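Single-structure report; data block below.
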Amino acid sequence: MNYARTKTLQGLLCLSFLISPLVSHAAVKGAPTTGGSGVLSATGQTNAPEGTPTREIQDIETKMENFKTGKDVSAEDRAKNAQIKKDILNGTFDLRELSKLALDKYWNQISAAEQNNFVSLMTELLETKAIFSKEQSKAQGKNYTVQYLGDTFTDNKNQAKTRTKIVITKDATKIDIDYKLKKGAGGWKIFDVVVDDASLVENYRFQFDSIISKHGYPELVNRMRGKLNELKAK
């Protein structure tokens, strides 16, 4: 089912959630996925039913309502922004699953302690480096429509893909954003974001494999820690 909202681009908080690469600027495009359901057009604050993957995506926007942008953001505002981002990443994303998929074959080659340390490092990097659309948008104020195109379930309905489309009418711009989610004790959690067929997990997997295959796992960790220290020093 399609749930659509029309508002200004400044309100586009999470739906085009983008994360910049940690180590390099390489990007990998995955094969297009298919699926979906019938379409129901709606406007205003139409929400999907509670407990559905689509509702989980919509709820991020509510959590981002107090996120401040602009030239007059105070130190207090920046601290609040950082906490909002941290809460979303830790509460809405399954960062352990994301890390496991990103390391791929190397995940089982490291110890349980190393796995935990890697997830902690990845989490801290994402809290520092993750960029939301509200932060990077240079075209605030334009009208747009977000279309929620339905949830497709796999793995006995324990995994889902939520398809969305951002349409900016003035520029005739369309952006396809798919969210992959996994169901656990705490409900649906996102483990991958696919923007116009470019997967976040595949991006990291490509980068990590390139480094580990040539220099080893410790070198990847050293580079990630170096990147984190660099970001914190700014």
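Labels for the structure tokens follow display order: chains A, B, ..., residues from 1 in each chain, ligands from 1.
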
Would you give me, as a list in words, the residues in range 178-229 of chain A that DSSP reads as helix (DSSP H, G or I)?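 Across range 178-229 of chain A, those assigned helix (DSSP H, G or I) are Leu200, Val201, Glu202, Asn203, Tyr204, Arg205, Phe206, Gln207, Phe208, Asp209, Ser210, Ile211, Ile212, Ser213, Lys214, His215, Tyr217, Pro218, Glu219, Leu220, Val221, Asn222, Arg223, Met224, Arg225, Gly226, Lys227, Leu228 and Asn229 of chain A.
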
I need the residues of range 97-213 of chain A that end up classed as strand (DSSP E) by DSSP on the backbone, written out as an NGL selection string. :A and (130-131 or 143-154 or 159-168 or 173-184 or 187-195 or 198-199)

Print the selection's residues with C-alpha atoms to a file, as a PDB file, in the first residue's frame.
```
ATOM      1  CA  ALA A 130      26.203   9.731   9.190  1.00  0.00           C
ATOM      2  CA  ILE A 131      24.606  12.526   7.178  1.00  0.00           C
ATOM      3  CA  ASN A 143       7.681  20.900  -2.273  1.00  0.00           C
ATOM      4  CA  TYR A 144       8.083  17.164  -2.469  1.00  0.00           C
ATOM      5  CA  THR A 145       6.056  14.016  -2.099  1.00  0.00           C
ATOM      6  CA  VAL A 146       7.160  10.872  -0.327  1.00  0.00           C
ATOM      7  CA  GLN A 147       5.468   7.737  -1.585  1.00  0.00           C
ATOM      8  CA  TYR A 148       5.583   4.619   0.557  1.00  0.00           C
ATOM      9  CA  LEU A 149       5.243   1.802  -1.941  1.00  0.00           C
ATOM     10  CA  GLY A 150       4.739  -1.133   0.369  1.00  0.00           C
ATOM     11  CA  ASP A 151       6.518  -3.829   2.366  1.00  0.00           C
ATOM     12  CA  THR A 152       7.785  -7.049   0.798  1.00  0.00           C
ATOM     13  CA  PHE A 153       8.484  -9.884   3.249  1.00  0.00           C
ATOM     14  CA  THR A 154      10.974 -12.771   3.153  1.00  0.00           C
ATOM     15  CA  GLN A 159      12.838  -9.716   6.990  1.00  0.00           C
ATOM     16  CA  ALA A 160      11.276  -6.996   4.881  1.00  0.00           C
ATOM     17  CA  LYS A 161      12.022  -4.395   2.265  1.00  0.00           C
ATOM     18  CA  THR A 162      10.197  -1.078   2.448  1.00  0.00           C
ATOM     19  CA  ARG A 163      10.159   0.799  -0.842  1.00  0.00           C
ATOM     20  CA  THR A 164       9.835   4.577  -0.981  1.00  0.00           C
ATOM     21  CA  LYS A 165      10.071   7.187  -3.708  1.00  0.00           C
ATOM     22  CA  ILE A 166      10.869  10.868  -3.255  1.00  0.00           C
ATOM     23  CA  VAL A 167       9.349  13.108  -5.940  1.00  0.00           C
ATOM     24  CA  ILE A 168      10.340  16.791  -6.204  1.00  0.00           C
ATOM     25  CA  THR A 173      13.465  14.680  -9.611  1.00  0.00           C
ATOM     26  CA  LYS A 174      12.711  11.174  -8.405  1.00  0.00           C
ATOM     27  CA  ILE A 175      14.780   9.216  -5.889  1.00  0.00           C
ATOM     28  CA  ASP A 176      14.134   5.560  -5.088  1.00  0.00           C
ATOM     29  CA  ILE A 177      15.049   4.635  -1.519  1.00  0.00           C
ATOM     30  CA  ASP A 178      14.584   1.110  -0.214  1.00  0.00           C
ATOM     31  CA  TYR A 179      15.039   0.099   3.410  1.00  0.00           C
ATOM     32  CA  LYS A 180      15.888  -3.477   4.371  1.00  0.00           C
ATOM     33  CA  LEU A 181      14.718  -4.450   7.830  1.00  0.00           C
ATOM     34  CA  LYS A 182      14.996  -7.413  10.170  1.00  0.00           C
ATOM     35  CA  LYS A 183      12.461  -8.291  12.856  1.00  0.00           C
ATOM     36  CA  GLY A 184      13.687  -9.002  16.366  1.00  0.00           C
ATOM     37  CA  GLY A 187      10.555  -4.865  16.478  1.00  0.00           C
ATOM     38  CA  TRP A 188      11.713  -3.948  12.986  1.00  0.00           C
ATOM     39  CA  LYS A 189      15.279  -2.646  12.620  1.00  0.00           C
ATOM     40  CA  ILE A 190      16.985  -1.320   9.470  1.00  0.00           C
ATOM     41  CA  PHE A 191      20.181  -3.065   8.369  1.00  0.00           C
ATOM     42  CA  ASP A 192      20.619  -1.617   4.877  1.00  0.00           C
ATOM     43  CA  VAL A 193      19.591   1.453   2.885  1.00  0.00           C
ATOM     44  CA  VAL A 194      19.510   1.323  -0.921  1.00  0.00           C
ATOM     45  CA  VAL A 195      19.454   4.697  -2.715  1.00  0.00           C
ATOM     46  CA  ALA A 198      23.272   1.728  -4.496  1.00  0.00           C
ATOM     47  CA  SER A 199      23.403  -0.344  -1.296  1.00  0.00           C
TER      48      SER A 199
END
```

Residue among A:Ile88, A:Ile211, A:Leu228, A:Ala75 lying closest to Lys63 in chain A, counting only C-alpha atoms: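 With only C-alpha atoms as the atom set, the closest residue is A:Ile88.
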
I want to know what sits within 10 Å of Arg78 in chain A, based on only C-alpha atoms, with residues of the same chain fewer than 5 positions away left out; could you give that as a list in words?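 Contacts, with the query itself left out: Phe67, Lys68, Thr69, Val73, Gln83 and Ile84 of chain A.
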
Counting only C-alpha atoms, which of A:Leu121, A:Leu231, A:Leu98, A:Ala113 gets nearest to Tyr204 in chain A?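 The closest residue to Tyr204 in chain A is A:Leu98.
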
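Taking only C-alpha atoms into account, Met122 in chain A lies nearest to A:Arg225 out of the set A:Arg225, A:Lys85, A:Lys234, A:Lys157.
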